[in-house]
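S.K.: Dropping in entry-v2.csv, which is CSV, C-alpha atoms:
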chain,number,residue,atom,x,y,z
A,1,MET,CA,-80.3,-26.8,126.0
A,2,TYR,CA,-82.8,-29.6,126.8
A,3,ASP,CA,-83.7,-29.7,130.5
A,4,ARG,CA,-85.1,-33.2,131.0
A,5,LYS,CA,-85.9,-32.7,134.7
A,6,GLY,CA,-87.8,-29.5,134.0
A,7,HIS,CA,-89.9,-31.2,131.4
A,8,ARG,CA,-90.7,-34.1,133.7
A,9,LEU,CA,-91.8,-31.6,136.4
A,10,ALA,CA,-93.9,-29.7,133.9
A,11,GLY,CA,-95.5,-32.9,132.7
A,12,LEU,CA,-96.1,-34.0,136.3
A,13,GLY,CA,-97.8,-30.6,137.0
A,14,ILE,CA,-100.0,-30.9,134.0
A,15,GLY,CA,-101.0,-34.5,134.9
A,16,LEU,CA,-101.8,-33.4,138.5
A,17,ALA,CA,-103.9,-30.5,137.2
A,18,LEU,CA,-105.9,-32.9,135.0
A,19,LEU,CA,-106.3,-35.4,137.8
A,20,LEU,CA,-107.6,-32.7,140.2
A,21,ALA,CA,-109.9,-31.3,137.5
A,22,GLY,CA,-111.4,-34.8,137.0
A,23,CYS,CA,-112.0,-35.2,140.8
A,24,GLY,CA,-114.1,-32.1,141.2
A,25,SER,CA,-116.9,-32.1,143.7
A,26,ASP,CA,-120.4,-33.3,142.8
A,27,ASP,CA,-123.2,-30.9,143.4
A,28,GLY,CA,-125.7,-33.8,143.5
A,29,THR,CA,-127.4,-33.0,140.3
A,30,GLY,CA,-128.0,-35.8,137.9
A,31,VAL,CA,-127.4,-39.5,138.0
A,32,ARG,CA,-124.1,-41.2,137.3
A,33,ASN,CA,-123.6,-44.4,135.6
A,34,VAL,CA,-121.3,-46.9,137.3
A,35,ASP,CA,-118.4,-45.7,135.3
A,36,GLY,CA,-118.9,-42.1,136.4
A,37,THR,CA,-120.4,-40.8,133.2
A,38,GLN,CA,-123.6,-38.7,133.4
A,39,ALA,CA,-126.8,-40.6,132.9
A,40,ALA,CA,-130.0,-39.2,131.5
A,41,SER,CA,-131.8,-36.4,133.4
A,42,GLY,CA,-135.6,-36.2,133.4
A,43,SER,CA,-135.5,-33.8,130.4
A,44,GLY,CA,-132.7,-35.0,128.2
A,45,THR,CA,-131.0,-38.1,126.9
A,46,ALA,CA,-128.0,-40.0,128.3
A,47,SER,CA,-124.7,-38.6,127.4
A,48,GLY,CA,-122.8,-41.7,128.5
A,49,SER,CA,-123.2,-45.3,129.1
A,50,GLY,CA,-122.6,-47.5,132.1
A,51,THR,CA,-120.7,-50.7,132.3
A,52,ALA,CA,-121.8,-54.2,133.3
A,53,SER,CA,-118.5,-54.8,135.0
A,54,GLY,CA,-119.4,-52.5,137.9
A,55,GLN,CA,-116.1,-50.7,137.8
A,56,ALA,CA,-116.0,-47.5,139.9
A,57,ALA,CA,-113.3,-45.3,141.3
A,58,ALA,CA,-111.9,-46.1,144.8
A,59,CYS,CA,-113.6,-44.6,147.8
A,60,LYS,CA,-113.5,-40.8,148.2
A,61,PRO,CA,-114.6,-40.1,151.9
A,62,VAL,CA,-116.9,-37.1,152.3
A,63,GLY,CA,-116.5,-34.7,155.2
A,64,ASP,CA,-114.6,-35.1,158.4
A,65,ALA,CA,-115.5,-38.3,160.3
A,66,ALA,CA,-113.6,-37.1,163.4
A,67,SER,CA,-116.2,-34.3,163.8
A,68,ALA,CA,-119.2,-36.7,164.0
A,69,ASP,CA,-121.5,-37.0,166.9
A,70,ALA,CA,-122.5,-40.5,165.8
A,71,THR,CA,-121.4,-43.2,163.3
A,72,ILE,CA,-123.8,-45.6,161.7
A,73,ALA,CA,-122.8,-48.6,159.5
A,74,VAL,CA,-124.8,-48.9,156.3
A,75,GLU,CA,-124.6,-52.0,154.2
A,76,LEU,CA,-125.1,-51.7,150.4
A,77,LYS,CA,-125.8,-54.7,148.3
A,78,GLU,CA,-128.1,-55.8,145.6
A,79,TRP,CA,-130.9,-54.6,146.2
A,80,THR,CA,-130.9,-53.1,149.6
A,81,VAL,CA,-129.7,-50.3,151.7
A,82,LEU,CA,-129.4,-51.5,155.3
A,83,PRO,CA,-128.4,-49.1,158.1
A,84,ALA,CA,-127.4,-50.7,161.4
A,85,ARG,CA,-130.1,-48.6,163.0
A,86,ALA,CA,-133.2,-46.8,161.6
A,87,ASP,CA,-132.5,-43.6,163.6
A,88,VAL,CA,-129.8,-41.5,165.1
A,89,PRO,CA,-129.7,-38.4,167.2
A,90,ALA,CA,-129.7,-35.3,165.1
A,91,GLY,CA,-126.4,-33.7,164.5
A,92,THR,CA,-123.2,-34.5,162.6
A,93,VAL,CA,-123.5,-38.1,161.5
A,94,THR,CA,-121.0,-40.3,159.7
A,95,LEU,CA,-122.5,-43.0,157.5
A,96,GLU,CA,-120.0,-45.8,157.2
A,97,ALA,CA,-121.1,-47.4,153.9
A,98,ARG,CA,-119.9,-51.0,153.3
A,99,ASN,CA,-120.4,-52.4,149.8
A,100,THR,CA,-121.0,-56.1,150.3
A,101,GLY,CA,-122.7,-56.6,147.0
A,102,GLN,CA,-121.2,-57.5,143.6
A,103,ASP,CA,-121.8,-54.2,141.8
A,104,ALA,CA,-120.4,-50.7,142.6
A,105,HIS,CA,-122.8,-48.7,144.7
A,106,GLU,CA,-123.2,-45.1,146.0
A,107,LEU,CA,-125.1,-43.7,148.9
A,108,VAL,CA,-127.2,-40.6,148.4
A,109,VAL,CA,-128.7,-38.7,151.4
A,110,VAL,CA,-131.9,-36.7,150.8
A,111,ARG,CA,-134.3,-35.1,153.3
A,112,ALA,CA,-137.6,-36.8,152.5
A,113,ALA,CA,-140.5,-38.5,154.3
A,114,ASP,CA,-140.8,-41.4,151.9
A,115,PRO,CA,-137.9,-42.8,149.8
A,116,ALA,CA,-140.4,-44.4,147.3
A,117,SER,CA,-142.0,-41.0,146.4
A,118,LEU,CA,-139.0,-39.1,145.3
A,119,PRO,CA,-139.3,-37.4,141.8
A,120,LEU,CA,-138.2,-39.7,139.0
A,121,ALA,CA,-136.6,-39.1,135.7
A,122,ALA,CA,-137.8,-40.8,132.5
A,123,ASP,CA,-135.3,-43.7,133.1
A,124,GLY,CA,-136.7,-44.4,136.6
A,125,THR,CA,-133.8,-43.0,138.6
A,126,VAL,CA,-134.3,-40.2,141.1
A,127,ASP,CA,-134.2,-36.9,139.3
A,128,GLU,CA,-132.0,-35.0,141.8
A,129,GLU,CA,-132.6,-31.7,140.0
A,130,LYS,CA,-136.3,-31.9,140.8
A,131,LEU,CA,-135.8,-32.4,144.5
A,132,PRO,CA,-137.3,-29.6,146.7
A,133,GLU,CA,-134.9,-26.8,147.6
A,134,GLY,CA,-132.5,-27.9,150.3
A,135,ALA,CA,-133.6,-31.6,150.2
A,136,PHE,CA,-130.3,-32.8,148.9
A,137,VAL,CA,-127.9,-33.4,151.8
A,138,GLY,CA,-124.9,-35.1,150.1
A,139,GLU,CA,-123.6,-38.4,148.8
A,140,ILE,CA,-120.8,-40.9,148.8
A,141,GLU,CA,-119.9,-41.4,145.2
A,142,ALA,CA,-119.9,-44.9,143.7
A,143,PHE,CA,-117.2,-47.2,145.0
A,144,PRO,CA,-116.4,-50.8,144.2
A,145,SER,CA,-117.6,-54.0,145.8
A,146,GLY,CA,-115.7,-55.2,148.9
A,147,GLN,CA,-114.8,-51.6,150.0
A,148,SER,CA,-116.1,-49.3,152.6
A,149,CYS,CA,-116.4,-45.5,152.4
A,150,THR,CA,-117.5,-42.8,154.8
A,151,GLY,CA,-119.7,-39.7,154.5
A,152,THR,CA,-120.1,-37.2,157.2
A,153,PHE,CA,-123.2,-35.0,157.0
A,154,GLU,CA,-125.1,-32.5,159.1
A,155,LEU,CA,-128.6,-34.1,159.8
A,156,PRO,CA,-131.1,-31.8,161.5
A,157,ALA,CA,-134.0,-33.6,163.1
A,158,GLY,CA,-136.3,-35.1,160.4
A,159,SER,CA,-136.8,-37.9,157.9
A,160,TYR,CA,-134.3,-38.9,155.3
A,161,ALA,CA,-134.0,-41.2,152.3
A,162,LEU,CA,-130.8,-43.2,151.8
A,163,PHE,CA,-130.5,-44.6,148.3
A,164,CYS,CA,-128.3,-45.7,145.5
A,165,ASN,CA,-129.1,-43.9,142.2
A,166,LEU,CA,-126.8,-45.7,139.8
A,167,LEU,CA,-128.0,-46.8,136.4
A,168,GLU,CA,-126.0,-49.6,134.7
A,169,THR,CA,-126.0,-50.9,131.2
A,170,GLU,CA,-125.6,-54.6,131.2
A,171,ALA,CA,-123.7,-56.6,128.5
A,172,ASP,CA,-127.0,-57.4,126.8
A,173,GLY,CA,-127.9,-53.7,126.6
A,174,SER,CA,-130.6,-53.9,129.3
A,175,LYS,CA,-130.6,-51.2,132.0
A,176,GLU,CA,-130.2,-52.0,135.7
A,177,ASN,CA,-131.6,-49.3,137.9
A,178,HIS,CA,-130.4,-49.6,141.5
A,179,TYR,CA,-133.1,-47.3,143.0
A,180,ALA,CA,-135.9,-48.9,141.1
A,181,ASN,CA,-134.6,-52.4,142.2
A,182,GLY,CA,-135.1,-51.5,145.8
A,183,MET,CA,-131.9,-49.8,147.0
A,184,ARG,CA,-133.6,-47.2,149.2
A,185,THR,CA,-134.7,-46.9,152.8
A,186,ARG,CA,-136.0,-44.4,155.3
A,187,PHE,CA,-133.8,-43.0,158.0
A,188,GLU,CA,-134.6,-40.7,161.0
A,189,ALA,CA,-132.6,-38.1,162.8
A,190,ARG,CA,-134.4,-37.5,166.0
A,191,GLY,CA,-134.3,-34.2,167.9
Show this structure as structure tokens.
M.R.:
Amino acid sequence: MYDRKGHRLAGLGIGLALLLAGCGSDDGTGVRNVDGTQAASGSGTASGSGTASGQAAACKPVGDAASADATIAVELKEWTVLPARADVPAGTVTLEARNTGQDAHELVVVRAADPASLPLAADGTVDEEKLPEGAFVGEIEAFPSGQSCTGTFELPAGSYALFCNLLETEADGSKENHYANGMRTRFEARG
């Protein structure tokens, strides 16, 4: 006998499993294209291609904003990363990223003294695999224009780089590197 309800539930379960598998956590290694595919690393070639349309998945908040000691607004737009303040007391900090630009953007947080001197891959993006041990703090994955997304991170006293590390392929085939175009800034957590 054919059990239509059982088949629907099984299909739903499989679909949910595939969805969850596709939403796995990012360990911060590598650069993503705007469409979520992996871009070239410093030692290989690109395995995917970005899109000029700037399509990105909806915001996926990182961490627990309710546990934050401080919240700082950070505006993302072509070609700047603008925190509301240049420093914050060390501790648990929520970065409230607002994408006011036209393209999708992400916000990567790395412990570093100078955002302009981070290790670069052959394509000019930050080579996150070559960062010093423990330098990668976390990131808010790429999200669309006109949206906001939060990331809550533990920031011990020190200097940090905030940047967008997306690489887009434009309709004419040219590459648009958000980091190289200036989407980076220094940020301090003071002790």
S.K.: Could you check which residues have any atom within 10 Å of (-130.4, -33.3, 149.4), counting all atoms listed in the file with coordinates taken straight from the file, and then list them as an NGL selection string?
M.R.: :A and (27-29 or 108-112 or 128-129 or 131-139 or 160-161)
S.K.: Mind writing the picked residues with C-alpha atoms as a PDB file, in the coordinates of the input?
M.R.:
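Now in part_25.pdb:
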ATOM      1  CA  ASP A  27    -123.200 -30.900 143.400  1.00  0.00           C
ATOM      2  CA  GLY A  28    -125.700 -33.800 143.500  1.00  0.00           C
ATOM      3  CA  THR A  29    -127.400 -33.000 140.300  1.00  0.00           C
ATOM      4  CA  VAL A 108    -127.200 -40.600 148.400  1.00  0.00           C
ATOM      5  CA  VAL A 109    -128.700 -38.700 151.400  1.00  0.00           C
ATOM      6  CA  VAL A 110    -131.900 -36.700 150.800  1.00  0.00           C
ATOM      7  CA  ARG A 111    -134.300 -35.100 153.300  1.00  0.00           C
ATOM      8  CA  ALA A 112    -137.600 -36.800 152.500  1.00  0.00           C
ATOM      9  CA  GLU A 128    -132.000 -35.000 141.800  1.00  0.00           C
ATOM     10  CA  GLU A 129    -132.600 -31.700 140.000  1.00  0.00           C
ATOM     11  CA  LEU A 131    -135.800 -32.400 144.500  1.00  0.00           C
ATOM     12  CA  PRO A 132    -137.300 -29.600 146.700  1.00  0.00           C
ATOM     13  CA  GLU A 133    -134.900 -26.800 147.600  1.00  0.00           C
ATOM     14  CA  GLY A 134    -132.500 -27.900 150.300  1.00  0.00           C
ATOM     15  CA  ALA A 135    -133.600 -31.600 150.200  1.00  0.00           C
ATOM     16  CA  PHE A 136    -130.300 -32.800 148.900  1.00  0.00           C
ATOM     17  CA  VAL A 137    -127.900 -33.400 151.800  1.00  0.00           C
ATOM     18  CA  GLY A 138    -124.900 -35.100 150.100  1.00  0.00           C
ATOM     19  CA  GLU A 139    -123.600 -38.400 148.800  1.00  0.00           C
ATOM     20  CA  TYR A 160    -134.300 -38.900 155.300  1.00  0.00           C
ATOM     21  CA  ALA A 161    -134.000 -41.200 152.300  1.00  0.00           C
TER      22      ALA A 161
END
S.K.: For atom CA of A:Ser117 and atom CA of A:Phe143, quote the distance in Å rounded to one decimal.
M.R.: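 Atom CA of A:Ser117 sits 25.6 Å away from atom CA of A:Phe143.
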S.K.: Tell me which of A:Ala142, A:Gly151, A:Ala180, A:Gly101 sits closest to A:Leu120, counting all atoms listed in the file.
M.R.: A:Ala180
S.K.: Could you make a table, as a tab-separated table, of the residues of stretch 74-157 of chain A that have an atom within 12 Å of an atom of stretch 170-176 of chain A, each with its nearest atom pair and distance in Å to one decimal, counting only C-alpha atoms, in chain and number order?
M.R.:
residue	atom	partner	partner_atom	distance
A:Glu78	CA	A:Glu176	CA	10.8
A:Trp79	CA	A:Glu176	CA	10.8
A:Asp103	CA	A:Glu176	CA	10.6
A:Asp123	CA	A:Lys175	CA	8.9
A:Gly124	CA	A:Glu176	CA	10.0
A:Thr125	CA	A:Glu176	CA	10.1
S.K.: What does the distance from atom CA of A:Tyr179 to atom CA of A:Phe163 come to in Å, to one decimal?
M.R.: 6.5 Å
S.K.: Tell me, as a VMD selection string, which residues lie within 9 Å of A:Pro89, counting all atoms listed in the file; anything in the same chain fewer than 5 positions away does not count.
M.R.: chain A and resid 69 to 70 155 to 157 188 to 191
